[in-house]
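Here's the structure, in structure tokens; my notes come after.
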Amino acid sequence: MPTSLVDWLRAQDDETLAALLRLRPDLGVPPPGDFTVLATRAAIRASVHRACDDLDTVTLAVLEALVLVDADSEPAERGEIARLLGPDVPAEALGASLAALRARALVWGADDELCLVPATRDVVPQYPGNLGRRASGPAASSELPALLAAVAPEEQRVLDALIAGPPIGRSRSASDPSSPVGRLLTRGLLIRLDPETVELPLQVGVALRGERPMGHIDATPPDPETLAREPSVVDGTAAGAALEMLRKVERLIDLWGRVPPPVLRSGGLGVRELRRAAREMEVDEAVAALLIEVALAADLVGESDSPNPEWMPTTNVDVWAAGGPEHRWVTLARAWLEMPRLPGLVGRRDDQDRPINALSETLRRPLAVRDRRRVLGALADLPVGTSVRSPSGLADLLAWRAPRRGGRLRDEMVSWTLAEATVLGVVALDALTGPGRVLLDAQPDDSAALVAALRATLPRPVDRILLQADLTAVAPGPLVPELARELALLADVESGGGATVYRFTDASIRRALDAGRSASDVKTLLEAHSSTPVPQGLTYLVEDVARRHGRLRGGVASAFLRSDDEVLLSEVIAHPQSASLELRRIAPTVAISPVPLSELMDGLRAAGFSPAAEDASGGVLDLGGKGARTDPRRPRRAAVAPEPAGSQLDRLVARMRSGDALAGVRRGAANGSTATLATLQQAARTRGQVWIGYVDGHGVAGERVLAPTQIGAGVVEGTDAVSGEIHRLPLHRITSIALVDT
């Protein structure tokens, strides 16, 4: 008699059971009480479907063969399965597939008694192997070879049309006994389903197909065309892409801090706002949508909490911006990898023929994380520095590894993942980078390895720039943080890449002066860090802006304006554009205004003056705000549940074994403390275990399996058979007790 699934599971060692719970984590939620519960869950249709999603092409073919031989109702032999698969599947591949099915508890038993979980019939196609159902009569008898040998040419053409599959066909002449179809029906070589529909029986299909009853099976995975590249070239290219990506995200944050776009009524970001962000970042709309989505996933942008919500940076931005490029990249790269959304869908139309906008809920796909990791995992399997020549080759490989996964977007997911990973520097030249490999394997709370991996690929930070006569400066690599911050004040980025070009303008110099820098500070900084002499034109620019800057001093009155030059102050008050500022002179060198100081400064600059704000001590006050900010809203949690830890799986297995042992225990209520004490003492002497039913201090009934170690003073102390923890239990709370046969 074949072994049942529950008995087979009970006979497995702890390591095998832990591997089963790791491969099928749904079986352990909630923790099964015993092996009967585990076996019941393992046979549930929904769980079986999930378990089959990871099976490759050969293993699914083995599953179809087991269904063909009805292994879900009668045990099958391995040799019978091998004959159905044919010569395309070698014995090693068949053995590996059976091992994979056993590991997932979809198949159990020895090779001569292979049993199949019944729910797998719902997983395989309606006609497994493109073969029909098993028939009785002549098709199942020893007469079949003779019947097939006597088939006429016109009858053979009918059979040939059904051999390739599917094994059903329609013919108006099926009811005519003299027609080819009618004669095949009469001899039992076809089965009638209705007056016009016939089916080719399993036995006939197997006999006609010869040595390949299930047709050709691709037993080896396709080998995508690859190209070997120098790993240093791949990582160097990725480093440049990572720095460029960070610069683009910074420009997005700056834009939305100044001009937050509105949230659409239906949610998401409007098309015009997406185009504006793309222009600001100097990328196409697809890349802009990706970076916006990644910024949202990293909680760097979010909806404001207002009646008319807007998309704006969160307060997390200020902490993020203070970190080095490695730390900022880790935040964005990890957010992208764990993002349960598909930015590639932006611009398409949904099922209601409405456009799909960035940041909308339509982009949410819970399985996107899994599929993204699969693509990167396939690249990680290649040697370091090896790139694929085309996404289609990688898509074919993934389709062979898991034919049931991906759906209609499977192939597009490969292209999207490669393109997105290239923008972020996770992939470069279609090869997985060093930081990308670390990102794929890193634990959620381990950022040090990721930071070190990217730092190893980035050029060493430099503290020198090249000043040029056209009022530009070239940074030949990433700048040290202090110099980068100062140069960001003094100049505007004109172009990024391996070398960043900065341009000095009136507005940029004035920005530095507004932040409290003096002309001498600016010239000292440039002289200290320039590998070339400071151009005379740049010196003139700094001195000219500084000469005009700060001649007017503003304060809060709401605001005041003062100047040692009485004529200049008179000119300001008399200027036509000053009327809206409501300036009122209260002294020869002082005027006040009811408007806020920042508006006063902006109005004077618009009129052509160069005022400077000052604080109470007369120092320069920086009014350059960081832009709008909103509170973070998105909780930081992984989109995919983490894999159960080994200790957790061990406890689950121990719990099931304990529950199984309890199933055979005859539970009898202890009649008084004498019977309870005697049972506990016997278990302590024999180092055995007891099942104890008890009531806690709140009157709630419970049960526990203990190995008693000490009994006395009205208390039993022992080791819990499931958790391994030490427990103390008052004897008077024990309601029933029984020895456990271990």
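Letters A, B, ... go to the chains of the structure tokens in the order shown; residues in each chain start at 1; ligands are counted from 1 in the same order.
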List the spatial neighbours of A:Gly268 as number ranges by chain - criterion: any atom at most 12 Å away, only C-alpha atoms, same-chain residues fewer than 2 positions off excluded. A: 261-266, 270-271, 273-274, 289, 292-293, 296, 302-303, 309-311, 346, 355-364
Please determine, counting only C-alpha atoms, which residue among A:Thr57, A:Gln126, A:Ser736, A:Ser179 has the shortest atom-to-atom distance to A:Ser97.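 Looking at the shortest contact to A:Ser97, the residue is A:Thr57.
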How many Å lie between atom CA of A:Leu382 and atom CA of A:Leu397, rounded to one decimal?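 So the two atoms, atom CA of A:Leu382 and atom CA of A:Leu397, lie 12.1 Å apart.
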Pick from A:Val700, A:Val317, A:Val388, A:Val37 nearest to A:Arg733, counting only C-alpha atoms: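 With only C-alpha atoms as the atom set, the closest residue is A:Val700.
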